[in-house]
Amino acid sequence: MKINKNIPKLFKIWFVIPFVIILIAAAVFTGYAVSYKDVSKGMNIGTDFAGGSVVNVVLGETELSDNDKYDKHYDTVLGVLQDDEIAAQVVQIAKEKYDITIDASAVKATVSYSQKSDTGASMALVVKYDNISKTYDPTNELTNERNTLIEAKLKEIYSAENGYANVDVTMSNIGATASESLIRTAIISLAISLAIILVYVIIRFELWSGLAAIIALIHDVAIMVALTIVFHIQVNSSFIAAMITIVAYSINNTIIIFDRVRENNKIEKKLNPSAIIDNFHIADKSTKQSMTRTINTTVTTMFAIVIFAILGAATVREFALPVIFGLIAGFYSSVFISPALYALMKNAGDKWKRERQSKASQTFVGQKKKENA
Amino acid sequence: MSKSKSNTRKRSNGTLAFSIVVLAVFTILIVLGTVFAFVSLDNGELGIYNYNAYPTCIKLGLDLSGGAYAVYEVDRDNLPESMTDGENDEQEIEMAIEGTRASLESLLFNKGYTEAQVSVYGDTIRVEVPDIDDPERIFELIGRPSSLEFKEYTDSETVNETLMTGEEIAQTGVTYNSETGYYEVALKFTSTGSDKFAEITSDLTGKYLGIYINGEYVMHASVSEAISGGQCSISGNYSYDDAYALAVQIQAGSFPLQLNMRESSTLTATLGDSAIKAGVIAGIAGLILIVIYLVAIYRLMGVAASIALAYYTLTYVFFLSVFPWVQLTLSGIAGILLSMGMAVDANVIIFERIKEEYAGGKRMNEAISLGFRRSLGAIIDGNVTTIIGAVVLMLVGASTIKGFGITLFIGIVLSLITSLLITRLILKAITGFFVDKNKVGSNMIDPKYGKYFALKLGEVQDEEEPAVEVATENAEGGATL
């Protein structure tokens, strides 16, 4: 591959693209928020963070261990959760009792997962779904009203008249499993890692490499979040793991290129000790020298995770897609963002240093002259 | 330089034998690793004990294997005094619930259940523990949450005022006293607890200290001196089981609130087999694609990296199955899949470097050893930054993030070992088949085989200043050799 242009010098183009993506994400976020009339719906937040409700339908092992029967019951519950009549009733209750205007689409429940609980005759179908957004329903009162309607409807369906005996339907609320403290410690540990990585890179390389590497990492995470918003992928606690994974792996790409920069700087200094180093040239040369490696590693890392995303169910994709976004963002930032940032900052730094040196030598010369006089 | 030459001569006679032995050893290891990964043996077969394929021993999280859950409710009738005095009661209760949640989480983490989930809704605390199929096991793990108090013990009739509660206990454990031959329960207090306990024991010297759980008398011990330092042990001629039971009971009493269990049951996986199957297929297919890709680009060097990769994958899975604190979830599977791609990264860096050195005019052997040496700095720096991330996650993160950090850490260390040491060993073994037969007693690779290693002469990347580049590289090389 032969690229004749100096890649970092085209930084104006490279820096615009991430901003465009973030702008699109902001637009999509606003779009969803407006259509649901609810800010918290701008991003698709799962029940891990927001908590939710659980419905338990005790149907017994005979009804649930068979996959077809299980699917049938699951569809029944799903039908009730998304029932138009119930939604309309909830909208009305909201208006009359709580003086809240809410859209029917915002009260219909979205299922996060289903599973089975207990064994034998008491085996139950468990379906977890989201609550009505806190923006409308901060105390969960409306959610509880909705759940009562859902419970009544399910009891009606699974009643003795319909040929079901002893089918127990219970509802309960469930808190956020990804607690605030989990998110807090995740953010704290990310911040600490970034700080230590910054110090390490500054010690092993130079100040500008460290700053550029950290900015590139922040870029990767930002793009990952932005694309997750754009595609309205549901965010659960596994998203935190995905973010950490990307930060951990993405730093590698940048370091490899900066290692080349370090080496090329050494060679350059040996050849022309007095010449002013063209940092854009060094950054470009280093990026191109590492290009094959950057591409190869990105490709090998992509293989398995892309297959996983294709084969896996929706929940698998929820995790795999953000990771794939992150890998692409990591490739982009290490080739197009961090070398350019490095060259820009280093040029400015070098210029400042030269000016200070020339000033210092001037005053030094001035002093000498005075002494001589 | 002279040192490495003499080494070369000594080894040269056995070059071919060395190559065959190394390749045979790794082939056998990989075949055995693969067989044991997929085959389980039942009791009696081949006359050995039960053997389960080691990947099936990897502990799984709630999403992949299900588990058991219990829902506890705060006992509003038995609140500590400070929460019923009418001052910020609700706020204090809320904080106490959060404190209980946090101590339940850390307790489960310490028992290896990194993926256990504890969630709070109003007055209820829901505990979900993965990979167990009996809700009773939850109580074995966290005890039956209760409140613990230290009081002065005078006789079985009198109940004295509470001196200290279980909240001040940071940790409990079982220790063995070799002098008495019995087990003891070791208590470690929080920093405020240490001071309080020292004060209490100094007041009670010569008297008895009683332990009460849920308001009921459990045991008493004589206090012989003031205990400072924040640690003490309760000795009472216990067997291991008795000591363990008491330790769990005390630990459970260290929750700030008294909890009543409302319900408990088992849960099936939310993702389960299909996700695991997708993960295994993606892993195998991804591995094959990586191998094809590496061999297509780097030929025999790619073969060496592929063997090392197979070795890495099997070892990684093996380590995950034996390490505590590893509970695989969906994100864990994805982490393994990514790590396979990253594991060959170091090799890609090295091979690119070897190609460059060879193109710059080095002989093959020299190019290979220079390639390994000159990429070392970049590889170490790149991986140290990732290791920093993993270690911080292990130390700072909350339970599930901690577990993730551990998995990441094992992966990076293993991949460094395989890509730096094992690939090099295998590459050396492979080059052993291509020595220049005209030069007897040397292990120099015949240049005509260069194409087998995807090495081409004169493919210098930077066309602006190739001559200078080669000259400085030589100068550098001379200095380091």
# chains A, B, ... in the order shown; residues from 1 in each chain; ligands from 1
>>> residues_around(residues="Ile354 of chain B", least_positions_apart="2", cutoff="10 Å", atoms="only C-alpha atoms", output="PyMOL selection string")
chain B and resi 301+348-352+356-360+362+364-375+453-455
>>> write_last_selection(atoms="C-alpha atoms", output="PDB file, in the first residue's frame")
ATOM      1  CA  MET B 301       6.159 -17.555  10.257  1.00  0.00           C
ATOM      2  CA  VAL B 348       2.326  -9.478  13.800  1.00  0.00           C
ATOM      3  CA  ILE B 349       4.560  -6.682  15.134  1.00  0.00           C
ATOM      4  CA  ILE B 350       7.563  -9.013  15.264  1.00  0.00           C
ATOM      5  CA  PHE B 351       6.973 -10.458  11.782  1.00  0.00           C
ATOM      6  CA  GLU B 352       6.557  -7.015  10.235  1.00  0.00           C
ATOM      7  CA  GLU B 356      11.646  -4.960   7.327  1.00  0.00           C
ATOM      8  CA  GLU B 357      15.042  -6.020   8.630  1.00  0.00           C
ATOM      9  CA  TYR B 358      15.367  -8.618   5.862  1.00  0.00           C
ATOM     10  CA  ALA B 359      14.325  -6.146   3.211  1.00  0.00           C
ATOM     11  CA  GLY B 360      16.945  -3.778   4.619  1.00  0.00           C
ATOM     12  CA  LYS B 362      20.014  -8.510   6.877  1.00  0.00           C
ATOM     13  CA  MET B 364      17.516 -14.316   7.610  1.00  0.00           C
ATOM     14  CA  ASN B 365      18.784 -15.523  10.977  1.00  0.00           C
ATOM     15  CA  GLU B 366      19.905 -12.051  11.840  1.00  0.00           C
ATOM     16  CA  ALA B 367      16.643 -10.526  10.637  1.00  0.00           C
ATOM     17  CA  ILE B 368      14.656 -12.917  12.824  1.00  0.00           C
ATOM     18  CA  SER B 369      16.607 -12.260  15.999  1.00  0.00           C
ATOM     19  CA  LEU B 370      16.687  -8.516  15.323  1.00  0.00           C
ATOM     20  CA  GLY B 371      12.962  -8.575  14.624  1.00  0.00           C
ATOM     21  CA  PHE B 372      12.256 -10.134  18.004  1.00  0.00           C
ATOM     22  CA  ARG B 373      14.654  -7.844  19.837  1.00  0.00           C
ATOM     23  CA  ARG B 374      13.635  -4.559  18.211  1.00  0.00           C
ATOM     24  CA  SER B 375       9.917  -5.109  18.657  1.00  0.00           C
ATOM     25  CA  PHE B 453       8.757 -17.092   5.258  1.00  0.00           C
ATOM     26  CA  ALA B 454       7.154 -14.297   3.236  1.00  0.00           C
ATOM     27  CA  LEU B 455      10.494 -12.514   3.254  1.00  0.00           C
TER      28      LEU B 455
END
>>> closest_atom_pairs(of="chain A", to="chain B", cutoff="6 Å", atoms="only C-alpha atoms", output="CSV")
residue,atom,partner,partner_atom,distance
A:Gln115,CA,B:Thr270,CA,5.3
A:Lys116,CA,B:Thr268,CA,5.1
A:Ser117,CA,B:Leu267,CA,4.3
A:Asp118,CA,B:Thr266,CA,4.7
A:Ile174,CA,B:Tyr121,CA,5.8
A:Gly175,CA,B:Tyr121,CA,4.5
A:Ala176,CA,B:Ser119,CA,5.8
A:Thr177,CA,B:Ser119,CA,4.8
A:Leu182,CA,B:Ala398,CA,5.6
A:Thr185,CA,B:Gly397,CA,5.4
A:Ala186,CA,B:Gly397,CA,5.8
A:Ser189,CA,B:Val396,CA,5.7
A:Ser193,CA,B:Gly389,CA,5.0
A:Ile197,CA,B:Thr385,CA,5.7
A:Ser238,CA,B:Ser331,CA,6.0
A:Ala248,CA,B:Thr386,CA,4.9
A:Asn252,CA,B:Gly382,CA,4.6
A:Ile255,CA,B:Gly382,CA,5.5
A:Ile256,CA,B:Ala378,CA,5.5
A:Asp259,CA,B:Ala378,CA,5.5
A:Arg293,CA,B:Ile349,CA,5.9
A:Thr297,CA,B:Asp345,CA,5.5
A:Thr300,CA,B:Gly341,CA,4.7
A:Thr301,CA,B:Gly341,CA,3.8
A:Phe303,CA,B:Gly286,CA,5.2
A:Ala304,CA,B:Gly286,CA,4.1
A:Ile307,CA,B:Ala282,CA,5.2
A:Phe308,CA,B:Ala282,CA,5.0
A:Leu311,CA,B:Ala278,CA,5.6
A:Gly312,CA,B:Ala278,CA,5.5
>>> closest_residue(among="B:Ser202, B:Leu141, B:Glu263, B:Ala221", to="Ala247 of chain B", atoms="only C-alpha atoms")
B:Leu141
>>> residues_around(residues="segment 275-290 of chain A", least_positions_apart="5", cutoff="10 Å", atoms="only C-alpha atoms", output="PyMOL selection string")
(chain A and resi 1-3+5-9+253-254+256-265+268-269+295+334-336+338-347+350-351+354) or (chain B and resi 349+352-353+356+461-462)
>>> write_last_selection(atoms="N, CA and C atoms", output="short mmCIF file (atom, residue, chain, number, x, y, z; two decimals), in the first residue's frame")
data_model
loop_
_atom_site.label_atom_id
_atom_site.label_comp_id
_atom_site.auth_asym_id
_atom_site.auth_seq_id
_atom_site.Cartn_x
_atom_site.Cartn_y
_atom_site.Cartn_z
N MET A 1 0.84 -1.19 0.00
CA MET A 1 0.00 0.00 0.00
C MET A 1 0.88 1.24 0.00
N LYS A 2 0.49 2.16 -0.84
CA LYS A 2 1.32 3.36 -0.94
C LYS A 2 0.41 4.59 -0.84
N ILE A 3 0.55 5.33 0.23
CA ILE A 3 -0.19 6.58 0.34
C ILE A 3 0.83 7.69 0.29
N LYS A 5 0.23 11.01 0.32
CA LYS A 5 -0.09 12.18 1.14
C LYS A 5 0.41 12.00 2.57
N ASN A 6 0.73 13.09 3.21
CA ASN A 6 1.08 13.05 4.63
C ASN A 6 -0.20 12.95 5.44
N ILE A 7 -0.40 11.78 6.07
CA ILE A 7 -1.69 11.53 6.74
C ILE A 7 -1.98 12.54 7.86
N PRO A 8 -1.04 12.74 8.80
CA PRO A 8 -1.38 13.66 9.90
C PRO A 8 -1.66 15.09 9.44
N LYS A 9 -1.06 15.48 8.28
CA LYS A 9 -1.28 16.85 7.83
C LYS A 9 -2.72 17.11 7.41
N ASN A 253 -2.71 -0.04 20.01
CA ASN A 253 -2.52 0.48 18.65
C ASN A 253 -1.73 1.77 18.67
N THR A 254 -2.13 2.67 19.59
CA THR A 254 -1.49 3.98 19.65
C THR A 254 -0.04 3.85 20.11
N ILE A 256 2.04 1.38 19.75
CA ILE A 256 2.91 0.81 18.73
C ILE A 256 3.39 1.90 17.77
N ILE A 257 2.46 2.80 17.42
CA ILE A 257 2.84 3.88 16.51
C ILE A 257 3.79 4.86 17.20
N PHE A 258 3.52 5.16 18.46
CA PHE A 258 4.40 6.08 19.18
C PHE A 258 5.78 5.47 19.43
N ASP A 259 5.83 4.15 19.51
CA ASP A 259 7.13 3.49 19.62
C ASP A 259 7.97 3.79 18.38
N ARG A 260 7.31 3.76 17.22
CA ARG A 260 7.99 4.09 15.96
C ARG A 260 8.42 5.55 15.94
N VAL A 261 7.53 6.40 16.45
CA VAL A 261 7.86 7.82 16.51
C VAL A 261 9.13 8.02 17.34
N ARG A 262 9.17 7.34 18.48
CA ARG A 262 10.32 7.44 19.38
C ARG A 262 11.59 7.03 18.66
N GLU A 263 11.50 5.90 17.93
CA GLU A 263 12.66 5.37 17.23
C GLU A 263 13.08 6.31 16.08
N ASN A 264 12.09 6.77 15.31
CA ASN A 264 12.41 7.65 14.18
C ASN A 264 13.00 8.97 14.66
N ASN A 265 12.55 9.44 15.79
CA ASN A 265 13.12 10.66 16.36
C ASN A 265 14.60 10.45 16.67
N GLU A 268 16.56 10.38 13.47
CA GLU A 268 16.61 11.72 12.91
C GLU A 268 17.64 12.58 13.64
N LYS A 269 17.65 12.43 14.97
CA LYS A 269 18.57 13.24 15.77
C LYS A 269 20.01 12.85 15.49
N ILE A 295 -3.51 -2.75 10.57
CA ILE A 295 -4.60 -3.38 9.83
C ILE A 295 -4.71 -4.86 10.19
N SER A 334 -6.01 5.61 16.19
CA SER A 334 -4.56 5.38 16.25
C SER A 334 -3.89 5.75 14.92
N VAL A 335 -4.62 5.68 13.82
CA VAL A 335 -4.02 6.03 12.53
C VAL A 335 -4.22 7.52 12.22
N PHE A 336 -5.41 8.02 12.48
CA PHE A 336 -5.73 9.37 11.99
C PHE A 336 -5.73 10.46 13.07
N SER A 338 -4.36 10.24 16.78
CA SER A 338 -3.28 10.47 17.73
C SER A 338 -1.97 10.92 17.07
N PRO A 339 -1.56 10.39 15.90
CA PRO A 339 -0.32 10.91 15.30
C PRO A 339 -0.45 12.39 14.93
N ALA A 340 -1.62 12.77 14.43
CA ALA A 340 -1.82 14.17 14.05
C ALA A 340 -1.80 15.07 15.28
N LEU A 341 -2.48 14.62 16.35
CA LEU A 341 -2.48 15.38 17.59
C LEU A 341 -1.06 15.55 18.11
N TYR A 342 -0.33 14.43 18.07
CA TYR A 342 1.05 14.45 18.55
C TYR A 342 1.87 15.49 17.79
N ALA A 343 1.77 15.44 16.44
CA ALA A 343 2.56 16.35 15.61
C ALA A 343 2.17 17.80 15.87
N LEU A 344 0.87 18.04 15.98
CA LEU A 344 0.40 19.41 16.24
C LEU A 344 0.93 19.94 17.57
N MET A 345 0.78 19.12 18.61
CA MET A 345 1.18 19.57 19.94
C MET A 345 2.69 19.70 20.04
N LYS A 346 3.39 18.70 19.45
CA LYS A 346 4.85 18.71 19.54
C LYS A 346 5.41 19.92 18.78
N ASN A 347 4.85 20.22 17.62
CA ASN A 347 5.31 21.39 16.87
C ASN A 347 5.15 22.65 17.71
N ASP A 350 7.70 22.51 20.56
CA ASP A 350 9.06 22.77 20.07
C ASP A 350 9.26 24.25 19.80
N LYS A 351 8.23 24.86 19.19
CA LYS A 351 8.33 26.27 18.83
C LYS A 351 8.49 27.12 20.09
N ARG A 354 11.96 26.72 21.49
CA ARG A 354 12.96 27.46 20.71
C ARG A 354 12.93 28.94 21.03
N ILE B 349 3.54 -7.73 15.00
CA ILE B 349 4.56 -6.68 15.13
C ILE B 349 5.95 -7.24 14.84
N GLU B 352 6.38 -8.20 11.08
CA GLU B 352 6.56 -7.02 10.24
C GLU B 352 7.98 -6.50 10.36
N ARG B 353 8.48 -6.55 11.58
CA ARG B 353 9.84 -6.07 11.84
C ARG B 353 10.86 -6.97 11.14
N GLU B 356 10.96 -6.22 7.56
CA GLU B 356 11.65 -4.96 7.33
C GLU B 356 13.16 -5.13 7.40
N GLN B 461 10.50 0.24 2.73
CA GLN B 461 9.26 1.02 2.75
C GLN B 461 9.48 2.47 2.34
N ASP B 462 10.47 3.08 2.97
CA ASP B 462 10.64 4.51 2.76
C ASP B 462 11.59 4.73 1.60
#
>>> closest_residue(among="A:Ala121, A:Thr148, A:Leu190, A:Val323", to="Ala165 of chain A", atoms="only C-alpha atoms")
A:Ala121
>>> residues_around(residues="segment 39-49 of chain A", least_positions_apart="2", cutoff="7 Å", atoms="only C-alpha atoms", output="PyMOL selection string")
chain A and resi 29-30+32-33+36-37+51-52+112+130+176-179+229+232-237
>>> closest_residue(among="A:Ile223, A:Ile214, A:Leu207, A:Ile267", to="Gly349 of chain A", atoms="only C-alpha atoms")
A:Leu207
>>> residues_around(residues="Met243 of chain A", least_positions_apart="4", cutoff="7 Å", atoms="only C-alpha atoms", output="list in words")
Val221, Phe239 and Val247 of chain A
>>> atom_distance(atom1="atom CA of Gly361 of chain B", atom2="atom CA of Ile445 of chain B")
14.5 Å
>>> select_by_dssp(residues="segment 38-276 of chain A", states="strand (DSSP E)", output="PyMOL selection string")
chain A and resi 52-58+111-117+124-130+168-174
>>> write_last_selection(atoms="N, CA and C atoms", output="PDB file, in the first residue's frame")
ATOM      1  N   GLY A  52     -36.741  -2.795  37.040  1.00  0.00           N
ATOM      2  CA  GLY A  52     -37.886  -3.144  36.221  1.00  0.00           C
ATOM      3  C   GLY A  52     -38.890  -3.931  37.029  1.00  0.00           C
ATOM      4  N   SER A  53     -39.774  -4.612  36.323  1.00  0.00           N
ATOM      5  CA  SER A  53     -40.766  -5.438  36.992  1.00  0.00           C
ATOM      6  C   SER A  53     -40.603  -6.879  36.538  1.00  0.00           C
ATOM      7  N   VAL A  54     -41.090  -7.781  37.374  1.00  0.00           N
ATOM      8  CA  VAL A  54     -41.011  -9.190  37.043  1.00  0.00           C
ATOM      9  C   VAL A  54     -42.387  -9.799  37.182  1.00  0.00           C
ATOM     10  N   VAL A  55     -42.786 -10.568  36.186  1.00  0.00           N
ATOM     11  CA  VAL A  55     -44.029 -11.316  36.324  1.00  0.00           C
ATOM     12  C   VAL A  55     -43.682 -12.805  36.393  1.00  0.00           C
ATOM     13  N   ASN A  56     -44.296 -13.467  37.361  1.00  0.00           N
ATOM     14  CA  ASN A  56     -44.084 -14.890  37.600  1.00  0.00           C
ATOM     15  C   ASN A  56     -45.368 -15.630  37.265  1.00  0.00           C
ATOM     16  N   VAL A  57     -45.346 -16.552  36.325  1.00  0.00           N
ATOM     17  CA  VAL A  57     -46.537 -17.342  36.034  1.00  0.00           C
ATOM     18  C   VAL A  57     -46.212 -18.793  36.343  1.00  0.00           C
ATOM     19  N   VAL A  58     -46.791 -19.305  37.412  1.00  0.00           N
ATOM     20  CA  VAL A  58     -46.477 -20.673  37.831  1.00  0.00           C
ATOM     21  C   VAL A  58     -47.301 -21.650  36.996  1.00  0.00           C
ATOM     22  N   VAL A 111     -39.630  -6.202  27.003  1.00  0.00           N
ATOM     23  CA  VAL A 111     -39.077  -7.332  27.753  1.00  0.00           C
ATOM     24  C   VAL A 111     -37.558  -7.288  27.708  1.00  0.00           C
ATOM     25  N   SER A 112     -36.912  -7.472  28.884  1.00  0.00           N
ATOM     26  CA  SER A 112     -35.454  -7.587  28.821  1.00  0.00           C
ATOM     27  C   SER A 112     -35.007  -9.044  28.757  1.00  0.00           C
ATOM     28  N   TYR A 113     -35.655  -9.904  29.487  1.00  0.00           N
ATOM     29  CA  TYR A 113     -35.352 -11.321  29.288  1.00  0.00           C
ATOM     30  C   TYR A 113     -36.409 -12.192  29.936  1.00  0.00           C
ATOM     31  N   SER A 114     -36.388 -13.481  29.599  1.00  0.00           N
ATOM     32  CA  SER A 114     -37.286 -14.423  30.246  1.00  0.00           C
ATOM     33  C   SER A 114     -36.467 -15.601  30.734  1.00  0.00           C
ATOM     34  N   GLN A 115     -36.929 -16.226  31.797  1.00  0.00           N
ATOM     35  CA  GLN A 115     -36.242 -17.411  32.294  1.00  0.00           C
ATOM     36  C   GLN A 115     -37.234 -18.248  33.085  1.00  0.00           C
ATOM     37  N   LYS A 116     -36.767 -19.419  33.563  1.00  0.00           N
ATOM     38  CA  LYS A 116     -37.636 -20.267  34.371  1.00  0.00           C
ATOM     39  C   LYS A 116     -37.149 -20.250  35.803  1.00  0.00           C
ATOM     40  N   SER A 117     -38.093 -20.383  36.717  1.00  0.00           N
ATOM     41  CA  SER A 117     -37.722 -20.383  38.118  1.00  0.00           C
ATOM     42  C   SER A 117     -38.323 -21.615  38.783  1.00  0.00           C
ATOM     43  N   ALA A 124     -41.982 -21.837  37.285  1.00  0.00           N
ATOM     44  CA  ALA A 124     -42.687 -20.650  36.806  1.00  0.00           C
ATOM     45  C   ALA A 124     -41.962 -20.030  35.619  1.00  0.00           C
ATOM     46  N   LEU A 125     -42.755 -19.396  34.774  1.00  0.00           N
ATOM     47  CA  LEU A 125     -42.175 -18.603  33.701  1.00  0.00           C
ATOM     48  C   LEU A 125     -41.942 -17.205  34.271  1.00  0.00           C
ATOM     49  N   VAL A 126     -40.707 -16.726  34.163  1.00  0.00           N
ATOM     50  CA  VAL A 126     -40.367 -15.426  34.729  1.00  0.00           C
ATOM     51  C   VAL A 126     -40.029 -14.487  33.582  1.00  0.00           C
ATOM     52  N   VAL A 127     -40.724 -13.383  33.484  1.00  0.00           N
ATOM     53  CA  VAL A 127     -40.427 -12.416  32.431  1.00  0.00           C
ATOM     54  C   VAL A 127     -40.095 -11.078  33.078  1.00  0.00           C
ATOM     55  N   LYS A 128     -38.924 -10.558  32.736  1.00  0.00           N
ATOM     56  CA  LYS A 128     -38.516  -9.265  33.299  1.00  0.00           C
ATOM     57  C   LYS A 128     -38.707  -8.200  32.233  1.00  0.00           C
ATOM     58  N   TYR A 129     -39.307  -7.086  32.623  1.00  0.00           N
ATOM     59  CA  TYR A 129     -39.552  -6.019  31.654  1.00  0.00           C
ATOM     60  C   TYR A 129     -39.374  -4.666  32.309  1.00  0.00           C
ATOM     61  N   ASP A 130     -39.345  -3.634  31.493  1.00  0.00           N
ATOM     62  CA  ASP A 130     -39.003  -2.322  32.044  1.00  0.00           C
ATOM     63  C   ASP A 130     -40.198  -1.610  32.658  1.00  0.00           C
ATOM     64  N   ASP A 168     -50.672 -19.669  39.288  1.00  0.00           N
ATOM     65  CA  ASP A 168     -50.479 -18.514  40.153  1.00  0.00           C
ATOM     66  C   ASP A 168     -49.733 -17.432  39.378  1.00  0.00           C
ATOM     67  N   VAL A 169     -50.265 -16.216  39.397  1.00  0.00           N
ATOM     68  CA  VAL A 169     -49.584 -15.110  38.728  1.00  0.00           C
ATOM     69  C   VAL A 169     -49.186 -14.088  39.783  1.00  0.00           C
ATOM     70  N   THR A 170     -47.903 -13.789  39.871  1.00  0.00           N
ATOM     71  CA  THR A 170     -47.466 -12.774  40.833  1.00  0.00           C
ATOM     72  C   THR A 170     -46.599 -11.737  40.135  1.00  0.00           C
ATOM     73  N   MET A 171     -46.642 -10.534  40.679  1.00  0.00           N
ATOM     74  CA  MET A 171     -45.843  -9.451  40.113  1.00  0.00           C
ATOM     75  C   MET A 171     -44.904  -8.950  41.187  1.00  0.00           C
ATOM     76  N   SER A 172     -43.716  -8.516  40.792  1.00  0.00           N
ATOM     77  CA  SER A 172     -42.860  -7.849  41.772  1.00  0.00           C
ATOM     78  C   SER A 172     -41.962  -6.847  41.070  1.00  0.00           C
ATOM     79  N   ASN A 173     -41.488  -5.926  41.864  1.00  0.00           N
ATOM     80  CA  ASN A 173     -40.557  -4.934  41.332  1.00  0.00           C
ATOM     81  C   ASN A 173     -39.150  -5.400  41.605  1.00  0.00           C
ATOM     82  N   ILE A 174     -38.255  -4.974  40.748  1.00  0.00           N
ATOM     83  CA  ILE A 174     -36.872  -5.396  40.928  1.00  0.00           C
ATOM     84  C   ILE A 174     -35.997  -4.163  40.755  1.00  0.00           C
TER      85      ILE A 174
END
>>> atom_distance(atom1="atom CA of Ile417 of chain B", atom2="atom CA of Ala304 of chain B")
14.1 Å
>>> closest_residue(among="A:Thr101, A:Thr110, A:Asn4, A:Thr315", to="Asp137 of chain A", atoms="only C-alpha atoms")
A:Thr101
>>> select_by_dssp(residues="segment 34-198 of chain B", states="helix (DSSP H, G or I)", output="ChimeraX atom specification")
/B:34-38,45-47,54-57,62-65,76-78,81-83,89-110,136-142,166-168,191-198
